[in-house]
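A quick write-up on the structure given underneath.
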Amino acid sequence: MKGTPVKKTVASFLIVALVSLLAILVTGCEKEAQRSASGGGTQKYNVATEDADEVKDEAEAAKNKAASDTSAQAVDIVAYFSDDQAEFLVAETRHVASTDNLAMAAIEELIKGPQEKSHYATIPSETSVLGIEIKDRIAYVNFSKELIDKHWGGSAGELMTITSIVSTLTEFDDIQKVQILVEGKVVETIAGHSDVSKPLARDDTKIKK
């Protein structure tokens with residue numbers, strides 16, 4: 001019976017210790033929850049923002065590199081247009097993307113028309129180039145029917161059309177003559193004044209010096 005008070009004292013002490021320990025743990029959890037609620041979200045947001053900025057920078061760098069690569073692969077071609085009197089051809093240099101068919105690109109630039117105010121178009125803008133094939137240094141250039149149907153006529157205008165096509169294509173070393181086709185067929189004339197039924201050679205006397 002003498003040991004009973006001691007046991008009660010120990011038991012009471014253990015109970016108090018456990019209660020205190022639980023109180024400490026609960027308080028710690030509450031503080032951690034408050035800390036997460038107040039600061040945790042902001043921290044995550046900052047990390048996400050930094051990641052987004054990094055992705056944006058990488059995309060911008062890739063875009064700049066692609067533009068640089070395209071510029072490095074671009075080449076100069078020469079297209080010939082008419083002067084204001086439809087008497088001589090005048091040259092314009094165009095910077096175009098490198099391609100396996102630069103001759104095609106040159107004719108497409110010719111169809112787009114001149115950039116200089118004093119220069120004039122030689123091919124109706126509605127015209128399409130359907131293809132170009134080079135054989136034995138002769139370029140067979142195939143136009144849509146608008147080359148004839150939309151042509152403005154006149155002997156001088158027709159001559160400018162023909163000589164601009166021939167001069168533009170013979171700028172390339174592998175082309176010596178040009179055969180004009182319309183819808184895949186040889187035609188006698190474009191506007192009724194000049195014969196285009198045979199391959200035509202360059203005439204430098206028509207180019208303004």
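The way I read the labels, and the way they are meant: chains A, B, ... in the order of the structure tokens, residue 1 as the first residue of every chain, and ligand 1 as the first ligand shown, with later ones counted on from there.
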Exercise. Got a sec: who's within 12 Å of range 167-177 of chain A, counting only C-alpha atoms, leaving out chain neighbours fewer than 3 positions off, as an NGL selection string?
Worked result: :A and (76-82 or 88-94 or 101-111 or 122 or 132-141 or 159-164 or 180 or 196 or 198-208)
Exercise. Could you pull out all residues of range 58-179 of chain A with a DSSP call of strand (DSSP E) and give them as a PyMOL selection string?
Worked result: chain A and resi 75-82+89-96+129-135+138-143+177-179
Problem set entry | Surrounding residues of Lys145 in chain A excluding itself and chain neighbours under 3 positions, 9 Å, only C-alpha atoms, as a ChimeraX atom specification | /A:127-128,148-150,182-183
